[in-house]
file structure-v2.txt (compact mmCIF, C-alpha atoms)
# COMPACT_ATOMS: atom_id res chain seq x y z
CA MET A 625 -25.03 -64.48 -96.20
CA TYR A 626 -25.79 -60.93 -95.05
CA GLY A 627 -22.26 -59.86 -95.98
CA VAL A 628 -22.65 -61.16 -99.53
CA MET A 629 -26.02 -59.40 -99.83
CA TYR A 630 -24.49 -56.17 -98.55
CA MET A 631 -21.67 -56.38 -101.11
CA GLY A 632 -24.14 -57.07 -103.92
CA VAL A 633 -26.36 -54.13 -103.00
CA GLY A 634 -23.32 -51.89 -102.70
CA LEU A 635 -22.00 -52.83 -106.13
CA ALA A 636 -25.43 -52.42 -107.71
CA TYR A 637 -25.92 -49.00 -106.16
CA THR A 638 -22.44 -47.91 -107.24
CA GLY A 639 -23.29 -48.90 -110.80
CA LEU A 640 -26.56 -46.95 -110.60
CA VAL A 641 -24.79 -43.83 -109.33
CA LEU A 642 -22.11 -43.96 -112.03
CA ALA A 643 -24.39 -44.83 -114.92
CA VAL A 644 -27.52 -42.83 -114.07
CA LEU A 645 -27.45 -40.46 -111.11
CA ILE A 646 -24.18 -38.59 -111.74
CA PRO A 647 -24.91 -37.98 -115.47
CA ALA A 648 -28.46 -36.93 -114.52
CA VAL A 649 -27.14 -33.95 -112.54
CA GLY A 650 -24.61 -32.98 -115.20
CA GLY A 651 -21.59 -34.72 -113.69
CA ASP A 652 -18.91 -36.70 -115.46
CA SER A 653 -18.88 -40.24 -114.09
CA THR A 654 -15.63 -41.08 -115.91
CA MET A 655 -13.67 -38.91 -113.47
CA TYR A 656 -14.49 -41.46 -110.75
CA TRP A 657 -13.11 -44.41 -112.72
CA ALA A 658 -9.54 -44.97 -111.54
CA TYR A 659 -8.70 -48.27 -113.24
CA GLY A 660 -8.03 -47.29 -116.84
CA HIS A 661 -4.86 -49.40 -116.91
CA LEU A 662 -6.98 -52.48 -116.21
CA GLY A 663 -9.89 -51.64 -118.49
CA GLY A 664 -12.49 -49.06 -119.36
CA ASN A 665 -15.29 -50.69 -117.33
CA MET A 666 -15.92 -53.43 -114.80
CA SER A 667 -16.31 -56.22 -117.33
CA ALA A 668 -13.03 -55.26 -119.01
CA VAL A 669 -11.30 -55.30 -115.63
CA VAL A 670 -12.60 -58.81 -114.91
CA VAL A 671 -11.27 -60.01 -118.28
CA HIS A 672 -7.90 -58.38 -117.57
CA VAL A 673 -7.66 -59.98 -114.11
CA LEU A 674 -8.52 -63.43 -115.47
CA SER A 675 -6.07 -63.14 -118.35
CA ASP A 676 -3.14 -61.79 -116.32
CA PRO A 677 -3.67 -62.61 -112.62
CA LEU A 678 0.03 -62.57 -111.74
CA GLY A 679 0.51 -59.16 -113.31
CA VAL A 680 -2.45 -57.75 -111.41
CA LEU A 681 -1.21 -59.32 -108.18
CA GLY A 682 2.22 -57.78 -108.73
CA SER A 683 0.68 -54.34 -109.24
CA LEU A 684 -0.62 -54.47 -105.66
CA PHE A 685 2.95 -54.11 -104.37
CA SER A 686 4.58 -51.94 -107.02
CA PRO A 687 5.83 -49.24 -106.95
CA GLN A 688 7.59 -49.20 -103.58
CA VAL A 689 5.28 -46.57 -102.11
CA LYS A 690 2.48 -49.17 -101.94
CA LEU A 691 4.63 -51.42 -99.75
CA ASP A 692 5.45 -48.43 -97.55
CA THR A 693 1.76 -47.66 -97.08
CA LEU A 694 0.93 -51.28 -96.27
CA ALA A 695 3.75 -51.33 -93.71
CA PHE A 696 2.46 -48.15 -92.06
CA LEU A 697 -1.01 -49.71 -91.84
CA LEU A 698 0.12 -53.05 -90.37
CA TRP A 699 2.99 -52.05 -88.11
CA PRO A 700 1.02 -49.98 -85.52
CA THR A 701 -0.58 -53.23 -84.26
CA LEU A 702 2.79 -55.03 -84.37
CA LEU A 703 1.31 -57.16 -87.16
CA ALA A 704 -1.21 -58.66 -84.73
CA CYS A 705 -4.02 -57.73 -87.11
CA LEU A 706 -2.79 -60.43 -89.48
CA PHE A 707 -3.96 -63.07 -86.97
CA SER A 708 -7.57 -61.86 -87.04
CA PRO A 709 -10.27 -62.53 -89.64
CA LEU A 710 -11.44 -58.96 -89.08
CA THR A 711 -8.61 -57.87 -91.37
CA LEU A 712 -10.65 -59.24 -94.28
CA ILE A 713 -13.02 -56.30 -93.80
CA ALA A 714 -10.20 -53.94 -94.75
CA LEU A 715 -9.21 -55.95 -97.82
CA PRO A 716 -11.74 -54.45 -100.30
CA GLN A 717 -10.65 -50.89 -99.53
CA LEU A 718 -6.98 -51.81 -99.82
CA LEU A 719 -7.61 -53.47 -103.19
CA GLU A 720 -9.60 -50.43 -104.33
CA ARG A 721 -6.64 -48.17 -103.54
CA MET A 722 -3.67 -50.26 -104.60
CA LEU A 723 -5.18 -51.41 -107.91
CA SER A 724 -6.06 -47.85 -108.93
CA ASP A 725 -4.04 -45.62 -111.24
CA ARG A 726 -4.19 -42.62 -108.88
CA THR A 727 -0.94 -42.15 -107.02
CA GLN A 728 -2.60 -40.11 -104.26
CA TRP A 729 -4.52 -43.24 -103.25
CA TRP A 730 -1.32 -45.19 -102.69
CA VAL A 731 0.31 -42.91 -100.14
CA THR A 732 -0.36 -42.12 -96.48
CA ASP A 733 -0.40 -38.33 -96.91
CA PHE A 734 -4.17 -38.06 -97.30
CA HIS A 735 -7.31 -39.29 -95.56
CA HIS A 736 -7.73 -42.54 -97.51
CA SER A 737 -6.40 -44.73 -94.67
CA ALA A 738 -8.76 -43.37 -91.99
CA ILE A 739 -11.35 -46.16 -92.21
CA THR A 740 -8.75 -48.86 -92.83
CA VAL A 741 -6.76 -47.90 -89.73
CA ALA A 742 -9.85 -48.25 -87.51
CA VAL A 743 -10.60 -51.70 -88.91
CA LEU A 744 -7.00 -52.89 -88.62
CA PHE A 745 -6.68 -51.63 -85.06
CA CYS A 746 -9.78 -53.61 -84.04
CA ALA A 747 -8.28 -56.58 -85.88
CA GLY A 748 -5.03 -56.01 -84.00
CA VAL A 749 -6.77 -56.24 -80.62
CA ASP A 750 -8.58 -59.40 -81.72
CA GLY A 751 -5.41 -60.85 -83.24
CA ALA A 752 -3.35 -60.15 -80.13
CA ALA A 753 -6.00 -61.86 -77.97
CA ARG A 754 -5.95 -64.88 -80.25
CA VAL A 755 -2.15 -65.13 -80.15
CA ILE A 756 -2.09 -64.77 -76.36
CA ARG A 757 -4.71 -67.53 -75.96
CA TRP A 758 -2.69 -69.76 -78.28
CA ALA A 759 0.47 -69.04 -76.29
CA ARG A 760 -1.29 -69.83 -72.98
CA ARG A 761 -2.29 -73.26 -74.30
CA ARG A 762 1.38 -73.96 -74.93
CA GLU A 763 2.59 -72.22 -71.75
CA PRO A 764 -0.18 -72.47 -69.11
CA GLY A 765 1.80 -70.28 -66.70
CA LEU A 766 1.70 -67.28 -69.04
CA SER A 767 -0.25 -64.34 -67.62
CA GLU A 768 -2.91 -63.27 -70.10
CA ARG A 769 -3.26 -59.88 -68.46
CA GLY A 770 0.49 -59.31 -68.41
CA ALA A 771 0.86 -60.27 -72.06
CA SER A 772 -2.05 -58.00 -73.03
CA LEU A 773 -0.53 -55.05 -71.15
CA LEU A 774 2.84 -55.71 -72.77
CA TRP A 775 1.27 -55.67 -76.24
CA ALA A 776 -0.68 -52.49 -75.43
CA ALA A 777 2.47 -50.75 -74.15
CA ALA A 778 4.39 -51.75 -77.25
CA VAL A 779 1.60 -50.43 -79.49
CA CYS A 780 1.67 -47.09 -77.63
CA ALA A 781 5.43 -46.89 -78.09
CA VAL A 782 5.09 -47.56 -81.81
CA ALA A 783 2.38 -44.90 -82.06
CA LEU A 784 4.70 -42.33 -80.48
CA THR A 785 7.50 -43.16 -82.91
CA LEU A 786 5.08 -42.69 -85.84
CA LEU A 787 3.80 -39.33 -84.59
CA PRO A 788 6.44 -37.20 -86.45
CA ARG A 789 5.50 -38.92 -89.70
CA PHE A 790 1.86 -37.81 -89.67
CA PRO A 791 -0.11 -34.54 -89.36
CA PHE A 792 -0.75 -34.82 -85.59
CA ASP A 793 2.90 -33.87 -85.23
CA GLN A 794 1.86 -30.32 -86.11
CA LEU A 795 -0.16 -29.98 -82.90
CA ILE A 796 3.04 -29.57 -80.86
CA ARG A 797 4.58 -27.05 -83.27
CA PRO A 798 3.89 -23.34 -82.50
CA GLY A 799 3.93 -22.47 -86.19
CA PHE A 800 0.83 -24.60 -86.73
CA TYR A 801 -1.26 -22.10 -84.77
CA GLU A 802 -0.06 -19.03 -86.69
CA LYS A 803 -2.47 -17.59 -89.23
CA HIS A 804 -0.49 -17.24 -92.44
CA PRO A 805 -1.35 -14.68 -95.15
CA ASP A 806 -2.78 -17.30 -97.50
CA VAL A 807 -5.15 -18.50 -94.75
CA VAL A 808 -6.31 -14.94 -94.11
CA ALA A 809 -6.84 -14.48 -97.85
CA ALA A 810 -8.85 -17.72 -98.05
CA GLU A 811 -11.12 -16.53 -95.23
CA GLN A 812 -11.69 -13.24 -97.05
CA VAL A 813 -12.44 -15.13 -100.25
CA VAL A 814 -15.17 -17.06 -98.46
CA ALA A 815 -16.59 -13.82 -97.07
CA ALA A 816 -16.62 -12.24 -100.55
CA VAL A 817 -19.08 -14.82 -101.89
CA PRO A 818 -22.70 -14.04 -100.92
CA SER A 819 -24.97 -16.67 -99.38
CA GLY A 820 -27.48 -18.58 -101.46
CA VAL A 821 -25.62 -18.34 -104.77
CA VAL A 822 -24.19 -21.03 -107.04
CA VAL A 823 -20.40 -20.95 -107.06
CA GLU A 824 -17.68 -22.95 -108.76
CA ALA A 825 -14.95 -23.15 -106.13
CA VAL A 826 -11.41 -24.46 -106.14
CA ASN A 827 -11.24 -27.81 -104.35
CA HIS A 828 -9.60 -26.64 -101.10
CA VAL A 829 -12.00 -23.69 -100.59
CA GLY A 830 -15.29 -25.32 -101.58
CA PRO A 831 -15.96 -27.03 -98.22
CA ARG A 832 -15.96 -23.66 -96.43
CA LEU A 833 -18.72 -22.42 -98.74
CA SER A 834 -20.89 -25.52 -98.78
CA ALA A 835 -22.94 -24.58 -95.70
CA ARG A 836 -24.49 -21.49 -97.31
CA THR A 837 -24.06 -21.79 -101.08
CA THR A 838 -24.47 -24.38 -103.82
CA VAL A 839 -20.90 -25.42 -104.53
CA LEU A 840 -19.63 -26.90 -107.78
CA LEU A 841 -16.04 -27.94 -108.38
CA TRP A 842 -13.96 -25.43 -110.32
CA GLU A 843 -12.50 -27.41 -113.20
CA ASP A 844 -11.35 -27.04 -116.78
CA ARG A 845 -14.69 -26.87 -118.56
CA PRO A 846 -17.10 -24.10 -119.64
CA PRO A 847 -18.36 -22.24 -116.56
CA THR A 848 -21.97 -22.72 -115.45
CA ALA A 849 -22.07 -20.65 -112.24
CA PRO A 850 -22.23 -16.85 -111.87
CA TRP A 851 -19.61 -16.96 -109.10
CA ILE A 852 -16.17 -18.56 -109.33
CA VAL A 853 -13.45 -18.92 -106.71
CA ALA A 854 -10.14 -19.68 -108.41
CA ASP A 855 -6.57 -20.18 -107.21
CA THR A 856 -3.55 -19.16 -109.26
CA ALA A 857 -0.87 -19.81 -106.63
CA ARG A 858 -1.51 -23.39 -105.45
CA ALA A 859 -1.98 -26.51 -107.53
CA ALA A 860 -5.51 -27.84 -107.20
CA TYR A 861 -7.43 -30.96 -108.13
CA PRO A 862 -8.33 -31.75 -110.91
CA TRP A 863 -6.18 -29.21 -112.76
CA GLY A 864 -3.06 -30.45 -114.48
CA SER A 865 -0.86 -27.41 -113.81
CA LEU A 866 -0.75 -23.98 -112.22
CA ASP A 867 -0.15 -22.42 -115.63
CA ARG A 868 -3.48 -23.79 -116.82
CA GLN A 869 -5.23 -22.45 -113.72
CA ARG A 870 -3.83 -18.97 -114.38
CA GLN A 871 -4.73 -19.21 -118.07
CA ARG A 872 -8.27 -20.19 -117.15
CA VAL A 873 -8.69 -17.08 -114.98
CA ASP A 874 -7.62 -14.92 -117.93
CA GLU A 875 -10.15 -16.72 -120.13
CA LEU A 876 -12.92 -16.12 -117.60
CA ARG A 877 -12.12 -12.42 -117.55
CA SER A 878 -12.37 -12.28 -121.32
CA GLN A 879 -15.76 -14.04 -121.10
CA GLY A 880 -17.28 -11.26 -118.99
CA TYR A 881 -16.38 -12.28 -115.44
CA ARG A 882 -15.15 -9.37 -113.34
CA VAL A 883 -12.76 -9.70 -110.40
CA VAL A 884 -14.48 -9.08 -107.06
CA TYR A 885 -11.55 -10.00 -104.84
CA GLU A 886 -7.91 -10.97 -105.45
CA ARG A 887 -5.19 -11.72 -102.93
CA GLU A 888 -2.42 -14.28 -102.35
CA GLY A 889 -3.31 -16.01 -105.62
CA TYR A 890 -7.01 -16.38 -104.79
CA VAL A 891 -9.41 -14.77 -107.26
CA VAL A 892 -13.16 -14.33 -106.83
CA LEU A 893 -14.97 -13.69 -110.11
CA HIS A 894 -18.58 -12.78 -110.80
CA ARG A 895 -20.66 -12.49 -113.96
CA THR A 896 -24.17 -11.09 -113.93

call {"tool": "encode", "arguments": {"input": "structure-v2.txt", "output": "structure tokens"}}
result
Amino acid sequence: MYGVMYMGVGLAYTGLVLAVLIPAVGGDSTMYWAYGHLGGNMSAVVVHVLSDPLGVLGSLFSPQVKLDTLAFLLWPTLLACLFSPLTLIALPQLLERMLSDRTQWWVTDFHHSAITVAVLFCAGVDGAARVIRWARRREPGLSERGASLLWAAAVCAVALTLLPRFPFDQLIRPGFYEKHPDVVAAEQVVAAVPSGVVVEAVNHVGPRLSARTTVLLWEDRPPTAPWIVADTARAAYPWGSLDRQRQRVDELRSQGYRVVYEREGYVVLHRT
């Protein structure tokens, strides 16, 4: 009962944020809708799902990268999570990702699996315990402690084999600790923006400024902030191409923004 209430409140609040709160502060709520292939709004998605359930079901596993991601999520527990009802907690987030039209949500390269992994690991522990109890009923002589330790050791071994596939692998590479020129330039970019101002910042620099400035996302629309941090060397969300990012910097210069700092593709612009 409480779970259903929680889901209802969550959906209602999400609708409120998209329909009222984001537009109220000048944001574009459409950029958070990632299901255009299913419909332009929630009601259209429901109609699409009811009219073509098999097609929607098939889209959960196609293209291949979705299956790869699901395998990476399930395999670390040796599939034991599939024997636990706790796995149902992870289902909404998996559906949210795999039914979307954003390819970055399908892969394991980003942070989107962080919450799911925690849930599935807890489900794996619960599922392993359930399987071991079931096995003991069939084989009373089976050692529950021994079986648990065997499963835990196998999970650790699997985790070690997966280490080179994910970012923690960088911790044992000396090059990870070197400060590259673009990192130095990014630090100087942050220092070039004064505290207390409003700044439109490129996506991968904005978090470093958020503690002492009001940060807006630098995107392809008329500028509203006196300070802008742009990047002309690295592709950034939500820009479609590097060429457009470079073109936008030229446009800003023609609109009265002057360059305060420029290095390694980073450009800090200011207009009084």

call {"tool": "residues_around", "arguments": {"input": "structure-v2.txt", "residues": "A:Gln812", "least_positions_apart": "2", "cutoff": "10 Å", "atoms": "all atoms listed in the file", "output": "count of residues only"}}
result
14

call {"tool": "atom_distance", "arguments": {"input": "structure-v2.txt", "atom1": "atom CA of A:Arg721", "atom2": "atom CA of A:Thr740"}}
result
10.9 Å

call {"tool": "closest_residue", "arguments": {"input": "structure-v2.txt", "among": "A:Tyr637, A:Tyr659, A:Trp775, A:Tyr801", "to": "A:Trp729", "atoms": "all atoms listed in the file"}}
result
A:Tyr659

call {"tool": "atom_distance", "arguments": {"input": "structure-v2.txt", "atom1": "atom CA of A:Gly682", "atom2": "atom CA of A:Glu720"}}
result
14.6 Å

call {"tool": "atom_distance", "arguments": {"input": "structure-v2.txt", "atom1": "atom CA of A:Val891", "atom2": "atom CA of A:Ala857"}}
result
9.9 Å

call {"tool": "residues_around", "arguments": {"input": "structure-v2.txt", "residues": "stretch 830-846 of chain A", "least_positions_apart": "6", "cutoff": "6 Å", "atoms": "only C-alpha atoms", "output": "mmCIF file with C-alpha atoms, in the frame of the given file"}}
result
data_model
loop_
_atom_site.group_PDB
_atom_site.id
_atom_site.type_symbol
_atom_site.label_atom_id
_atom_site.label_comp_id
_atom_site.auth_asym_id
_atom_site.auth_seq_id
_atom_site.Cartn_x
_atom_site.Cartn_y
_atom_site.Cartn_z
ATOM 1 C CA SER A 819 -24.970 -16.670 -99.380
ATOM 2 C CA GLY A 820 -27.480 -18.580 -101.460
ATOM 3 C CA VAL A 821 -25.620 -18.340 -104.770
ATOM 4 C CA VAL A 822 -24.190 -21.030 -107.040
ATOM 5 C CA VAL A 823 -20.400 -20.950 -107.060
ATOM 6 C CA GLU A 824 -17.680 -22.950 -108.760
#

call {"tool": "closest_residue", "arguments": {"input": "structure-v2.txt", "among": "A:Ala849, A:Leu712, A:Ala658, A:Ala759", "to": "A:Asp725", "atoms": "all atoms listed in the file"}}
result
A:Ala658

call {"tool": "decode", "arguments": {"input": "structure-v2.txt", "residues": "stretch 708-719 of chain A", "atoms": "C-alpha atoms", "output": "mmCIF file, in the first residue's frame"}}
result
data_model
loop_
_atom_site.group_PDB
_atom_site.id
_atom_site.type_symbol
_atom_site.label_atom_id
_atom_site.label_comp_id
_atom_site.auth_asym_id
_atom_site.auth_seq_id
_atom_site.Cartn_x
_atom_site.Cartn_y
_atom_site.Cartn_z
ATOM 1 C CA SER A 708 14.954 -12.117 -5.011
ATOM 2 C CA PRO A 709 11.832 -9.936 -5.096
ATOM 3 C CA LEU A 710 14.095 -6.989 -4.261
ATOM 4 C CA THR A 711 15.021 -6.907 -7.947
ATOM 5 C CA LEU A 712 11.563 -5.462 -8.628
ATOM 6 C CA ILE A 713 12.763 -2.235 -6.992
ATOM 7 C CA ALA A 714 15.280 -1.821 -9.811
ATOM 8 C CA LEU A 715 12.728 -2.510 -12.541
ATOM 9 C CA PRO A 716 11.291 1.042 -12.867
ATOM 10 C CA GLN A 717 14.732 2.573 -13.374
ATOM 11 C CA LEU A 718 15.675 -0.071 -15.929
ATOM 12 C CA LEU A 719 12.443 0.551 -17.838
#
